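> Starting off with a structure, shown below.
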Amino acid sequence: MAYLSDIEIAQQCEMKHIKAIAEKAGIDEKYLEQYGNYKAKIDLSILKENQNKDGKLVLVTAITPTPAGEGKTTTTIGLADGLNRLGKKTVVALREPSLGPVFGVKGGAAGGGYAQVVPMEDINLHFTGDFHAIGAANNLLAAMLDNHIQQGNKLGIDVRKITWKRCVDMNDRQLRMITDGLGGRMNGVPREDGFDITVASEIMAVFCLATSINDLKERLSRIIVAYTFDDKPVTAKDLGAVGAMTALLKDALKPNLVQSLEGTPAIVHGGPFANIAHGCNSVLATRTALKLGDYAITEAGFGADLGAEKFLDIKCRMAGLTPSAVVIVATIRALKMHGGLAKTELAAENLEALEKGIPNLLRHVSNIKNVYGLPCVVAVNKFPADTDKEVEFIIKKCKELGVNVRLSDVWANGGKGGEELAKEVVRLCEEEKPNFTFSYEDDLSIEEKLDAIATKIYGGNGVAFTPAAKKQIARLTELGFGKYPVCVAKTQYSFSDDPKKLGAPEDFTVTVRNVRISAGAGFIVALTGDIMTMPGLPKKPAAENIDVDEDGKITGLF
C-alpha cells in the first residue's frame with residue numbers, strides 16, 4: 001500500500017489564518033506579531049497580564065529509540081489533537097527542529113503522518129530565525145573574545161584555556177577541531193578552535209531556561225568563555241558582550257505560534273539536543289502553553305533516561321514545574337531492536353524478539369513511577385509495518401505485567417487515533433495525584449548526583465571518573481558550582497554509555513571523561529562515551545532527497 005509522505009500530507013492541509021489559531025488559544029491580537037499568515041510570535045507580556053490558572057502539564061517521552069526515532073513529536077501532537085476532540089482546551093509545546101538532523105539521518109521533525117504541525121517546511125528550515133539569532137549571539141561572543149586578545153588582552157586570557165567555541169546549525173564534522181587566526185599578525189592570534197552545532201551551544205540552553213529579558217541578560221553575563229593565566233574564569237560580562245547578545249536574542253525569545261493539521265494551537269520554541277544538552281523546549285513556551293490551555297502537552301528528546309530525566313531534574317527544578325502525567329512512547333520496532341534484532345530485520349514480524357525487548361520499556365516505566373513519583377501511561381505508537389499480532393501481543397503483555405498501556409494510531413488517523421490515549425491522560429490528571437521528587441537533591445556533590453542518575457535511572461553500578469574529570473570537578477566545586485544540577489551528555493541508544501548495550505543492561509559503569517560548567521544555563525555538563533557536540537552527516541544524508549520545483553514547492557523534506 002502506498003502512503004503519502006509527511007510533506008505531501010502537510011501540503012494538502014488547508015491551514016487556518018494564524019489570527020484564528022490565536023483566537024482559539026485565547027491570545028488577544030495585541031500579543032501577536034505575525035510572520036506572514038501562518039506563523040506568529042507571542043509577546044512575553046502575555047505571561048504577566050494573563051490571569052488564567054495554569055493547566056495540567058503532560059510530558060511525552062519514550063523508550064530507548066532506534067536511529068529513526070519512535071514518534072514522540074508525532075504522539076505529542078496527536079495526543080493534543082485527541083484531547084481537543086474530547087472538548088479539552090489543549091495547547092502543545094514543542095522544540096524547534098535543528099537543520100543538522102533535518103539534512104542528516106532523521107529528516108524533518110515536525111511530527112509525522114496526520115499528526116503534524118504546519119507549515120512544516122518553514123518549521124523544519126528557517127522558521128522565524130530563532131536559531132540564526134542564537135548562532136549569531138554565540139559567534140558574536142567568540143568574535144569579541146578573540147578581538148579582546150588581539151587588542152592587547154587586558155584580562156590576561158590564556159589562549160590554551162579558551163572554552164568557548166563557535167557554532168553553526170549544521171552537521172559538519174570538518175569543523176569539530178580547527179586552527180584559526182592564521183596568516184599573520186593582522187589576522188588574529190593563531191590558536192586551536194572548533195565549532196559546536198547551534199543546538200549544543202550554551203546560548204541555546206540559556207535561551208531555553210530564561211524566564212524574561214532580564215533573566216536572559218543575567219544568564220548571559222555568567223557564561224564562562226575562558227580562563228586567565230592565573231586560572232580565573234572570564235565571562236561574557238567581562239568582555240562587555242551581554243547587551244549586544246541580548247539585542248540579537250530579544251525577538252527570538254518570544255515563543256512561536258503555529259498549528260497542527262487539525263488546528264490545535266502549537267507553540268514551537270527552542271531546541272537543545274537531549275544527548276548533549278537538556279533536550280526541552282523553552283520555559284517560556286511551556287509557561288505560555290500552561291496559561292493558555294487546560295492541558296499543556298510537551299515532549300523531551302530521545303528516551304526517558306535522557307530527555308525526561310533532564311526535563312524533570314533540570315527544567316522542572318529551575319522553573320518550578322510539576323507534571324500531572326507522563327506518556328512513554330513505545331514502538332514495535334524499537335522493542336524488537338532491544339530484543340536483539342538487527343536494524344535491517346525490524347520490519348519482519350517477530351514476537352520472540354518483541355518479548356525480549358520489554359525490559360527496556362519496564363525500566364523506563366519504573367523510573368517515571370518509582371523514582372519520580374509520576375502517573376504514567378505507555379503509548380504504543382503504531383507504524384504501518386506493525387502487524388496486528390504484534391500490536392495485540394505487546395498490549396496484552398504490558399497488561400499482564402501491570403503496565404498501563406494504550407494504542408496510539410495518530411500517524412494514520414490524527415487526533416481520532418489519539419482519543420483513547422487522550423481519555424487515559426485525562427483520567428490520570430484528574431484521578432491520580434503526582435508525588436513528584438527529583439532523582440537527586442541539590443546539596444549532593446557533583447559526583448553523588450552523577451552516581452544517583454547512573455544507578456537510579458540508568459540501572460548501572462555507578463560512575464567512574466577519568467583523572468581529567470576528577471580534576472575538573474574539584475576545580476568547579478572550588479569555584480562554587482558544586483550545588484548545580486547535572487546534565488549528562490550520553491548516547492541516546494542505550495541506558496549505558498555504550499550504544500551497543502541494548503535492552504535493559506546491568507552490571508555496567510558509566511565513565512565520565514570530561515566535566516564542564518554551563519554557568520549561564522546553571523548546570524554542570526558531564527561528557528560520557530564518544531558524544532560529539534558537532535555531529536557529522538551520514539553516508540546518504542536526507543539532504544540528497546530534498547528539492548524545489550519552479551513554483552517554489554519543496555519536496556523530499558520527509
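Every chain in the C-alpha cells has a letter given in the order shown (A, B, ...), and although residue numbers restart at 1 in each chain, ligands are simply numbered from 1 in the order shown.
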Between range 166-278 of chain A and range 412-418 of chain A, at 10 Å or less, what are the per-residue closest atom pairs and their distances in Å? Count only C-alpha atoms, order by chain and rising residue number, and return it as CSV.


residue,atom,partner,partner_atom,distance
A:Ser260,CA,A:Gly414,CA,9.7
A:Leu261,CA,A:Gly414,CA,8.3
A:Glu262,CA,A:Gly415,CA,7.6
A:Thr264,CA,A:Gly415,CA,9.9

> Write out, as JSON lines, each residue of range 125-145 of chain A that has an atom at most 9 Å from range 222-234 of chain A, together with the closest pair of atoms and their distance in Å to one decimal, counting only C-alpha atoms, rows going by chain and rising number.


{"residue": "A:Leu141", "atom": "CA", "partner": "A:Val225", "partner_atom": "CA", "distance": 8.5}
{"residue": "A:Ala142", "atom": "CA", "partner": "A:Val225", "partner_atom": "CA", "distance": 8.3}
{"residue": "A:Leu145", "atom": "CA", "partner": "A:Val225", "partner_atom": "CA", "distance": 7.9}

> With a distance cut-off of 12 Å and only C-alpha atoms, select the neighbouring residues of Lys217 in chain A, excluding the residue or stretch itself and same-chain residues fewer than 5 positions from it, and output the selection as a ChimeraX atom specification.

/A:203,206-207,209-212,222-223,236-237,240-250,253,520-521

> What are the DSSP helix (DSSP H, G or I) residues of range 208-243 of chain A, as JSON, numbers by chain?

{"A": [208, 209, 213, 214, 215, 216, 217, 218, 219, 220, 221, 222, 242, 243]}

> Each residue of range 35-140 of chain A lying at most 12 Å from range 499-517 of chain A should get a row with its shortest atom-to-atom pair and the distance in Å to one decimal, counting only C-alpha atoms; could you produce that, ordered by chain and increasing number, as JSON lines?


{"residue": "A:Ile63", "atom": "CA", "partner": "A:Gly503", "partner_atom": "CA", "distance": 9.8}
{"residue": "A:Thr64", "atom": "CA", "partner": "A:Gly503", "partner_atom": "CA", "distance": 8.2}
{"residue": "A:Pro65", "atom": "CA", "partner": "A:Leu502", "partner_atom": "CA", "distance": 10.0}
{"residue": "A:Thr66", "atom": "CA", "partner": "A:Leu502", "partner_atom": "CA", "distance": 10.2}
{"residue": "A:Pro67", "atom": "CA", "partner": "A:Pro499", "partner_atom": "CA", "distance": 10.9}

> Go through A:Pro359, A:Thr344, A:Thr331, A:Lys72 and flag the residue nearest Ile395 in chain A, using only C-alpha atoms for the distances.

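Result for the nearest residue to Ile395 in chain A: A:Thr331.
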
> Quick one: of A:Phe273, A:Trp411, A:Phe383, A:Tyr38, who's nearest to Asp6 in chain A, counting only C-alpha atoms?

A:Trp411

> With only C-alpha atoms as the counted atoms, please give the residues lying no more than 12 Å from range 547-555 of chain A, apart from itself and same-chain residues fewer than 5 positions off, as a list in words.

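The residues that qualify are Leu4, Ser5, Asp6, Ile7, Glu8, Ile9, Ala10, Gln11, Phe103, Gly107, Gly108, Pro119, Met120, Glu121, Asp122, Asn124, Leu125 and Ala542 of chain A.
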
> Taking N, CA and C atoms for each residue, export the selection above as a compact mmCIF listing (two decimals), in the first residue's frame.


# COMPACT_ATOMS: atom_id res chain seq x y z
N LEU A 4 1.18 8.50 1.54
CA LEU A 4 1.67 9.84 1.26
C LEU A 4 2.82 10.14 2.20
N SER A 5 3.80 10.91 1.74
CA SER A 5 4.89 11.33 2.61
C SER A 5 4.38 12.42 3.56
N ASP A 6 5.14 12.67 4.62
CA ASP A 6 4.74 13.71 5.58
C ASP A 6 4.55 15.05 4.90
N ILE A 7 5.46 15.41 4.01
CA ILE A 7 5.37 16.72 3.38
C ILE A 7 4.18 16.80 2.44
N GLU A 8 3.85 15.68 1.79
CA GLU A 8 2.66 15.67 0.92
C GLU A 8 1.39 15.86 1.74
N ILE A 9 1.31 15.19 2.90
CA ILE A 9 0.16 15.36 3.79
C ILE A 9 0.07 16.80 4.26
N ALA A 10 1.21 17.35 4.69
CA ALA A 10 1.23 18.72 5.20
C ALA A 10 0.81 19.72 4.13
N GLN A 11 1.26 19.50 2.89
CA GLN A 11 0.96 20.45 1.82
C GLN A 11 -0.50 20.39 1.37
N PHE A 103 18.75 17.64 7.66
CA PHE A 103 19.54 17.28 6.48
C PHE A 103 20.38 16.02 6.69
N GLY A 107 15.68 13.41 8.89
CA GLY A 107 14.76 14.22 8.11
C GLY A 107 14.01 15.18 9.01
N GLY A 108 12.82 15.61 8.56
CA GLY A 108 12.07 16.63 9.27
C GLY A 108 11.67 16.24 10.68
N PRO A 119 3.14 25.42 9.18
CA PRO A 119 3.74 24.95 7.92
C PRO A 119 5.04 24.18 8.16
N MET A 120 5.05 22.88 7.84
CA MET A 120 6.17 22.01 8.22
C MET A 120 7.46 22.39 7.53
N GLU A 121 7.37 22.91 6.27
CA GLU A 121 8.61 23.30 5.60
C GLU A 121 9.28 24.45 6.34
N ASP A 122 8.49 25.44 6.72
CA ASP A 122 9.04 26.59 7.44
C ASP A 122 9.62 26.18 8.78
N ASN A 124 10.72 23.32 9.77
CA ASN A 124 11.93 22.50 9.63
C ASN A 124 13.13 23.27 9.08
N LEU A 125 12.89 24.41 8.46
CA LEU A 125 14.01 25.14 7.85
C LEU A 125 14.29 26.42 8.66
N ALA A 542 19.86 12.93 4.36
CA ALA A 542 18.49 13.24 3.95
C ALA A 542 18.48 14.41 2.97

> Which is closest to Asp146 in chain A among A:Ala109, A:Leu239, A:Glu96, A:Ala474, if we use only C-alpha atoms?

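Checking each candidate against Asp146 in chain A, we get A:Leu239 as the closest.
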
> Go through range 126-336 of chain A and collect every residue that DSSP, computed from the backbone, puts in strand (DSSP E); the answer should be as a compact mmCIF listing (two decimals) with all heavy atoms, in the first residue's frame.


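So the final result, stored in out.txt, reads:
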# COMPACT_ATOMS: atom_id res chain seq x y z
N ILE A 157 43.89 36.66 29.25
CA ILE A 157 43.30 35.36 28.86
C ILE A 157 44.39 34.44 28.31
O ILE A 157 45.19 34.83 27.45
CB ILE A 157 42.20 35.57 27.80
CG1 ILE A 157 41.03 36.37 28.40
CG2 ILE A 157 41.72 34.23 27.23
CD1 ILE A 157 40.05 36.90 27.38
N ASP A 158 44.42 33.23 28.82
CA ASP A 158 45.34 32.21 28.34
C ASP A 158 44.68 31.51 27.15
O ASP A 158 43.65 30.85 27.31
CB ASP A 158 45.63 31.20 29.46
CG ASP A 158 46.70 30.18 29.07
OD1 ASP A 158 46.98 30.02 27.87
OD2 ASP A 158 47.24 29.51 29.99
N VAL A 159 45.24 31.67 25.93
CA VAL A 159 44.59 31.10 24.73
C VAL A 159 44.53 29.58 24.79
O VAL A 159 43.75 28.96 24.06
CB VAL A 159 45.30 31.55 23.43
CG1 VAL A 159 45.17 33.05 23.23
CG2 VAL A 159 46.75 31.11 23.40
N ARG A 160 45.32 28.96 25.66
CA ARG A 160 45.24 27.50 25.83
C ARG A 160 44.07 27.08 26.71
O ARG A 160 43.77 25.90 26.83
CB ARG A 160 46.55 26.97 26.42
CG ARG A 160 47.79 27.22 25.56
CD ARG A 160 49.06 27.02 26.37
NE ARG A 160 49.09 27.91 27.55
CZ ARG A 160 50.03 27.88 28.48
NH1 ARG A 160 51.02 27.00 28.39
NH2 ARG A 160 50.01 28.72 29.51
N LYS A 161 43.44 28.07 27.35
CA LYS A 161 42.33 27.77 28.26
C LYS A 161 41.02 28.41 27.80
O LYS A 161 40.16 28.74 28.61
CB LYS A 161 42.67 28.26 29.68
CG LYS A 161 43.87 27.55 30.30
CD LYS A 161 44.17 28.15 31.66
CE LYS A 161 45.44 27.55 32.26
NZ LYS A 161 45.84 28.24 33.51
N ILE A 162 40.89 28.60 26.49
CA ILE A 162 39.63 29.10 25.94
C ILE A 162 38.65 27.93 25.83
O ILE A 162 38.98 26.89 25.25
CB ILE A 162 39.84 29.78 24.57
CG1 ILE A 162 40.63 31.09 24.76
CG2 ILE A 162 38.51 30.05 23.87
CD1 ILE A 162 41.06 31.75 23.47
N ARG A 166 32.81 28.42 18.48
CA ARG A 166 31.86 28.97 17.53
C ARG A 166 30.81 27.91 17.22
O ARG A 166 30.94 26.76 17.64
CB ARG A 166 32.60 29.41 16.26
CG ARG A 166 33.45 30.66 16.50
CD ARG A 166 34.49 30.89 15.45
NE ARG A 166 34.99 32.26 15.55
CZ ARG A 166 35.91 32.66 16.43
NH1 ARG A 166 36.45 31.77 17.27
NH2 ARG A 166 36.31 33.91 16.48
N CYS A 167 29.74 28.30 16.52
CA CYS A 167 28.71 27.30 16.22
C CYS A 167 28.07 27.56 14.86
O CYS A 167 28.12 28.68 14.33
CB CYS A 167 27.65 27.25 17.32
SG CYS A 167 26.51 28.64 17.34
N VAL A 168 27.47 26.51 14.33
CA VAL A 168 26.69 26.59 13.10
C VAL A 168 25.63 25.49 13.19
O VAL A 168 25.89 24.42 13.74
CB VAL A 168 27.59 26.41 11.85
CG1 VAL A 168 28.27 25.04 11.83
CG2 VAL A 168 26.81 26.63 10.56
N ILE A 178 39.61 22.84 14.63
CA ILE A 178 40.27 23.63 13.60
C ILE A 178 41.38 24.47 14.23
O ILE A 178 41.45 24.62 15.45
CB ILE A 178 39.28 24.55 12.85
CG1 ILE A 178 38.64 25.55 13.83
CG2 ILE A 178 38.20 23.74 12.14
CD1 ILE A 178 37.79 26.61 13.14
N THR A 179 42.24 25.00 13.38
CA THR A 179 43.21 26.01 13.81
C THR A 179 42.88 27.28 13.05
O THR A 179 42.71 27.25 11.82
CB THR A 179 44.65 25.56 13.49
OG1 THR A 179 44.89 24.30 14.11
CG2 THR A 179 45.66 26.57 14.00
N ASP A 180 42.74 28.38 13.77
CA ASP A 180 42.38 29.64 13.10
C ASP A 180 43.31 30.77 13.55
O ASP A 180 44.24 30.55 14.31
CB ASP A 180 40.90 29.98 13.33
CG ASP A 180 40.51 30.02 14.80
OD1 ASP A 180 41.40 30.15 15.66
OD2 ASP A 180 39.30 29.91 15.09
N ARG A 191 45.41 29.90 17.11
CA ARG A 191 45.06 29.01 18.22
C ARG A 191 44.18 27.87 17.72
O ARG A 191 43.60 27.94 16.63
CB ARG A 191 44.33 29.77 19.33
CG ARG A 191 42.94 30.27 18.98
CD ARG A 191 42.31 30.96 20.19
NE ARG A 191 40.94 31.41 19.95
CZ ARG A 191 39.85 30.68 20.16
NH1 ARG A 191 39.97 29.42 20.59
NH2 ARG A 191 38.64 31.17 19.95
N GLU A 192 44.09 26.83 18.55
CA GLU A 192 43.16 25.74 18.27
C GLU A 192 41.75 26.21 18.62
O GLU A 192 41.53 26.88 19.61
CB GLU A 192 43.51 24.51 19.11
CG GLU A 192 44.80 23.84 18.67
CD GLU A 192 45.07 22.56 19.46
OE1 GLU A 192 44.27 22.24 20.37
OE2 GLU A 192 46.07 21.90 19.16
N ASP A 193 40.80 25.83 17.77
CA ASP A 193 39.42 26.27 17.94
C ASP A 193 38.50 25.13 17.49
O ASP A 193 38.96 24.02 17.19
CB ASP A 193 39.19 27.54 17.11
CG ASP A 193 38.00 28.37 17.56
OD1 ASP A 193 37.25 27.92 18.44
OD2 ASP A 193 37.81 29.48 17.02
N PHE A 195 33.99 24.16 16.32
CA PHE A 195 32.57 24.53 16.22
C PHE A 195 31.72 23.47 16.91
O PHE A 195 32.00 22.27 16.82
CB PHE A 195 32.13 24.60 14.75
CG PHE A 195 32.47 25.88 14.05
CD1 PHE A 195 33.78 26.17 13.69
CD2 PHE A 195 31.49 26.80 13.74
CE1 PHE A 195 34.10 27.34 13.02
CE2 PHE A 195 31.80 27.98 13.06
CZ PHE A 195 33.11 28.25 12.71
N ASP A 196 30.65 23.90 17.57
CA ASP A 196 29.57 23.03 18.00
C ASP A 196 28.38 23.26 17.08
O ASP A 196 28.29 24.32 16.42
CB ASP A 196 29.12 23.36 19.44
CG ASP A 196 30.16 22.98 20.48
OD1 ASP A 196 30.94 22.05 20.23
OD2 ASP A 196 30.18 23.61 21.55
N ILE A 197 27.47 22.30 17.03
CA ILE A 197 26.20 22.57 16.36
C ILE A 197 25.42 23.54 17.24
O ILE A 197 25.54 23.52 18.48
CB ILE A 197 25.42 21.26 16.09
CG1 ILE A 197 24.24 21.54 15.15
CG2 ILE A 197 24.99 20.57 17.37
CD1 ILE A 197 23.62 20.28 14.55
N ILE A 224 30.93 31.44 31.11
CA ILE A 224 32.41 31.42 31.19
C ILE A 224 32.96 31.01 29.83
O ILE A 224 32.59 29.97 29.28
CB ILE A 224 32.87 30.44 32.28
CG1 ILE A 224 32.44 30.95 33.67
CG2 ILE A 224 34.39 30.24 32.24
CD1 ILE A 224 32.69 29.99 34.81
N VAL A 225 33.84 31.83 29.29
CA VAL A 225 34.37 31.59 27.94
C VAL A 225 35.83 31.15 27.94
O VAL A 225 36.32 30.59 26.96
CB VAL A 225 34.21 32.84 27.05
CG1 VAL A 225 32.75 33.19 26.85
CG2 VAL A 225 34.98 34.04 27.64
N ALA A 226 36.53 31.44 29.03
CA ALA A 226 37.97 31.14 29.08
C ALA A 226 38.45 31.32 30.51
O ALA A 226 37.68 31.70 31.40
CB ALA A 226 38.73 32.09 28.14
N TYR A 227 39.76 31.04 30.69
CA TYR A 227 40.40 31.25 31.99
C TYR A 227 41.68 32.06 31.77
O TYR A 227 42.31 31.98 30.71
CB TYR A 227 40.71 29.92 32.67
CG TYR A 227 39.45 29.17 33.07
CD1 TYR A 227 38.78 28.37 32.15
CD2 TYR A 227 38.92 29.30 34.35
CE1 TYR A 227 37.61 27.70 32.51
CE2 TYR A 227 37.75 28.64 34.72
CZ TYR A 227 37.10 27.84 33.78
OH TYR A 227 35.94 27.19 34.13
N THR A 228 42.06 32.84 32.78
CA THR A 228 43.24 33.69 32.68
C THR A 228 44.50 32.87 32.96
O THR A 228 44.44 31.69 33.32
CB THR A 228 43.16 34.84 33.69
OG1 THR A 228 43.15 34.27 35.01
CG2 THR A 228 41.92 35.68 33.48
N PRO A 233 38.18 32.51 36.01
CA PRO A 233 37.24 32.47 34.88
C PRO A 233 37.00 33.84 34.26
O PRO A 233 36.97 34.85 34.98
CB PRO A 233 35.96 31.91 35.50
CG PRO A 233 36.13 31.97 36.97
CD PRO A 233 37.58 32.13 37.27
N VAL A 234 36.83 33.85 32.95
CA VAL A 234 36.50 35.06 32.19
C VAL A 234 35.08 34.88 31.64
O VAL A 234 34.78 33.86 31.02
CB VAL A 234 37.49 35.30 31.04
CG1 VAL A 234 37.08 36.53 30.23
CG2 VAL A 234 38.91 35.43 31.57
N THR A 235 34.22 35.86 31.89
CA THR A 235 32.81 35.73 31.49
C THR A 235 32.45 36.66 30.34
O THR A 235 33.19 37.57 29.99
CB THR A 235 31.89 36.05 32.69
OG1 THR A 235 32.08 37.44 33.02
CG2 THR A 235 32.20 35.17 33.89
N ASN A 256 6.99 31.02 19.48
CA ASN A 256 6.37 30.97 18.15
C ASN A 256 5.06 30.21 18.19
O ASN A 256 4.99 29.11 18.76
CB ASN A 256 7.30 30.27 17.16
CG ASN A 256 8.68 30.89 17.12
OD1 ASN A 256 8.83 32.06 16.78
ND2 ASN A 256 9.69 30.12 17.48
N LEU A 257 4.03 30.77 17.56
CA LEU A 257 2.72 30.11 17.47
C LEU A 257 2.49 29.59 16.06
O LEU A 257 2.62 30.34 15.08
CB LEU A 257 1.61 31.11 17.84
CG LEU A 257 0.17 30.56 17.77
CD1 LEU A 257 -0.07 29.53 18.86
CD2 LEU A 257 -0.85 31.70 17.87
N VAL A 258 2.15 28.30 15.96
CA VAL A 258 1.72 27.70 14.70
C VAL A 258 0.49 26.83 15.00
O VAL A 258 -0.20 27.05 15.97
CB VAL A 258 2.86 26.89 14.02
CG1 VAL A 258 3.93 27.81 13.46
CG2 VAL A 258 3.48 25.87 14.98
N GLN A 259 0.23 25.82 14.17
CA GLN A 259 -0.96 24.99 14.36
C GLN A 259 -0.69 23.56 13.94
O GLN A 259 0.21 23.30 13.14
CB GLN A 259 -2.12 25.54 13.53
CG GLN A 259 -1.87 25.52 12.03
CD GLN A 259 -2.90 26.30 11.24
OE1 GLN A 259 -4.04 25.87 11.10
NE2 GLN A 259 -2.49 27.47 10.72
N SER A 260 -1.48 22.64 14.47
CA SER A 260 -1.42 21.26 13.98
C SER A 260 -2.29 21.15 12.74
O SER A 260 -3.02 22.09 12.37
CB SER A 260 -1.92 20.30 15.07
OG SER A 260 -3.33 20.37 15.17
N PRO A 265 -3.66 24.80 18.61
CA PRO A 265 -2.56 25.77 18.78
C PRO A 265 -1.28 25.07 19.23
O PRO A 265 -1.30 24.22 20.13
CB PRO A 265 -3.09 26.70 19.88
CG PRO A 265 -4.58 26.54 19.84
CD PRO A 265 -4.82 25.12 19.45
N ALA A 266 -0.18 25.42 18.59
CA ALA A 266 1.11 24.79 18.90
C ALA A 266 2.16 25.88 19.09
O ALA A 266 2.30 26.77 18.25
CB ALA A 266 1.52 23.85 17.76
N ILE A 267 2.87 25.78 20.20
CA ILE A 267 3.97 26.71 20.48
C ILE A 267 5.27 25.95 20.25
O ILE A 267 5.53 24.94 20.91
CB ILE A 267 3.89 27.26 21.91
CG1 ILE A 267 2.56 28.02 22.09
CG2 ILE A 267 5.07 28.17 22.21
CD1 ILE A 267 2.30 28.49 23.51
N VAL A 268 6.06 26.40 19.30
CA VAL A 268 7.30 25.70 18.90
C VAL A 268 8.45 26.66 19.15
O VAL A 268 8.58 27.68 18.46
CB VAL A 268 7.23 25.28 17.41
CG1 VAL A 268 8.49 24.53 17.01
CG2 VAL A 268 5.99 24.42 17.16
N TYR A 295 -4.90 21.88 29.25
CA TYR A 295 -3.85 20.87 29.15
C TYR A 295 -2.73 21.42 28.29
O TYR A 295 -2.97 21.95 27.20
CB TYR A 295 -4.38 19.57 28.53
CG TYR A 295 -5.31 18.81 29.46
CD1 TYR A 295 -6.65 19.14 29.53
CD2 TYR A 295 -4.82 17.77 30.26
CE1 TYR A 295 -7.51 18.46 30.40
CE2 TYR A 295 -5.67 17.09 31.12
CZ TYR A 295 -7.01 17.44 31.18
OH TYR A 295 -7.84 16.76 32.04
N ALA A 296 -1.50 21.34 28.79
CA ALA A 296 -0.30 21.70 28.01
C ALA A 296 0.49 20.42 27.79
O ALA A 296 0.94 19.78 28.74
CB ALA A 296 0.54 22.72 28.76
N ILE A 297 0.61 20.01 26.52
CA ILE A 297 1.29 18.77 26.18
C ILE A 297 2.67 19.12 25.62
O ILE A 297 2.78 19.89 24.66
CB ILE A 297 0.51 17.95 25.12
CG1 ILE A 297 -0.98 17.89 25.49
CG2 ILE A 297 1.09 16.55 24.99
CD1 ILE A 297 -1.30 17.25 26.81
N THR A 298 3.71 18.57 26.23
CA THR A 298 5.07 18.87 25.77
C THR A 298 5.88 17.59 25.68
O THR A 298 5.45 16.53 26.12
CB THR A 298 5.74 19.89 26.70
OG1 THR A 298 6.94 20.38 26.10
CG2 THR A 298 6.06 19.28 28.07
N GLU A 299 7.04 17.68 25.04
CA GLU A 299 7.89 16.49 24.87
C GLU A 299 9.34 16.83 25.19
O GLU A 299 9.73 17.99 25.20
CB GLU A 299 7.77 15.91 23.46
CG GLU A 299 7.91 16.91 22.33
CD GLU A 299 9.29 16.96 21.70
OE1 GLU A 299 9.99 15.94 21.69
OE2 GLU A 299 9.66 18.03 21.19
N ALA A 325 1.11 14.19 34.51
CA ALA A 325 1.18 12.82 33.97
C ALA A 325 2.29 12.75 32.94
O ALA A 325 2.73 13.77 32.40
CB ALA A 325 -0.15 12.43 33.34
N VAL A 326 2.73 11.51 32.68
CA VAL A 326 3.79 11.26 31.69
C VAL A 326 3.30 10.18 30.73
O VAL A 326 2.70 9.19 31.14
CB VAL A 326 5.10 10.80 32.37
CG1 VAL A 326 6.15 10.44 31.32
CG2 VAL A 326 5.63 11.88 33.31
N VAL A 327 3.55 10.39 29.43
CA VAL A 327 3.28 9.40 28.39
C VAL A 327 4.62 8.86 27.92
O VAL A 327 5.51 9.63 27.55
CB VAL A 327 2.51 10.01 27.21
CG1 VAL A 327 2.32 8.99 26.09
CG2 VAL A 327 1.16 10.56 27.66
N ILE A 328 4.78 7.54 27.94
CA ILE A 328 6.01 6.91 27.45
C ILE A 328 5.71 6.22 26.12
O ILE A 328 4.94 5.26 26.07
CB ILE A 328 6.55 5.87 28.47
CG1 ILE A 328 6.82 6.54 29.82
CG2 ILE A 328 7.81 5.20 27.95
CD1 ILE A 328 7.21 5.58 30.92
N VAL A 329 6.29 6.74 25.06
CA VAL A 329 6.04 6.19 23.72
C VAL A 329 6.90 4.95 23.51
O VAL A 329 8.12 4.97 23.74
CB VAL A 329 6.35 7.25 22.64
CG1 VAL A 329 6.17 6.65 21.24
CG2 VAL A 329 5.46 8.47 22.82
N ALA A 330 6.26 3.88 23.07
CA ALA A 330 6.97 2.64 22.72
C ALA A 330 6.58 2.24 21.31
O ALA A 330 5.44 2.48 20.89
CB ALA A 330 6.62 1.53 23.70

> Can you measure CA of Leu354 in chain A to CA of Leu335 in chain A for me? One decimal in Å is fine.

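Going from CA of Leu354 in chain A over to CA of Leu335 in chain A, I get 5.4 Å.
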
> If you measure from CA of Ala22 in chain A to CA of Thr90 in chain A, what distance in Å do you get, rounded to one decimal?

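Pair CA of Ala22 in chain A / CA of Thr90 in chain A returns 12.6 Å.
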
> Which one of A:Asp530, A:Gly522, A:Gly152, A:His364 sits closest to Ala319 in chain A if you count only C-alpha atoms?

A:Gly522

> I want to know what sits within 9 Å of Ser439 in chain A, based on only C-alpha atoms, with residues of the same chain fewer than 3 positions away left out; could you give that as a PyMOL selection string?

chain A and resi 309+312-313+371-372+449+452-453+456-457

> For the selection just defined, write its residues with N, CA and C atoms to a file, as a tab-separated table (two decimals), in the first residue's frame.


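The file below, again20.tsv, is the result:
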chain	number	residue	atom	x	y	z
A	309	GLU	N	14.63	12.69	32.04
A	309	GLU	CA	15.47	12.93	33.22
A	309	GLU	C	15.85	14.41	33.31
A	312	LEU	N	12.81	16.69	34.03
A	312	LEU	CA	12.37	16.62	35.43
A	312	LEU	C	13.42	17.14	36.40
A	313	ASP	N	14.70	16.75	36.19
A	313	ASP	CA	15.74	17.12	37.15
A	313	ASP	C	16.32	18.51	36.92
A	371	VAL	N	10.88	6.37	40.72
A	371	VAL	CA	11.92	7.36	41.06
A	371	VAL	C	11.31	8.75	41.14
A	372	TYR	N	10.51	9.12	40.11
A	372	TYR	CA	9.97	10.48	40.05
A	372	TYR	C	8.57	10.60	40.66
A	449	LYS	N	25.59	13.28	42.57
A	449	LYS	CA	24.46	13.48	41.64
A	449	LYS	C	24.59	12.58	40.42
A	452	ALA	N	23.83	9.05	41.36
A	452	ALA	CA	22.39	8.83	41.54
A	452	ALA	C	21.71	8.59	40.20
A	453	ILE	N	22.06	9.38	39.19
A	453	ILE	CA	21.47	9.18	37.85
A	453	ILE	C	21.89	7.83	37.28
A	456	LYS	N	20.08	5.01	39.74
A	456	LYS	CA	18.62	5.05	39.81
A	456	LYS	C	17.95	5.04	38.44
A	457	ILE	N	18.50	5.81	37.49
A	457	ILE	CA	17.85	5.98	36.19
A	457	ILE	C	18.40	5.01	35.14

> If I take CA of Leu47 in chain A and CA of Ile27 in chain A, how far is one from the other in Å, to one decimal?

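Straight-line distance from CA of Leu47 in chain A to CA of Ile27 in chain A works out to 10.9 Å.
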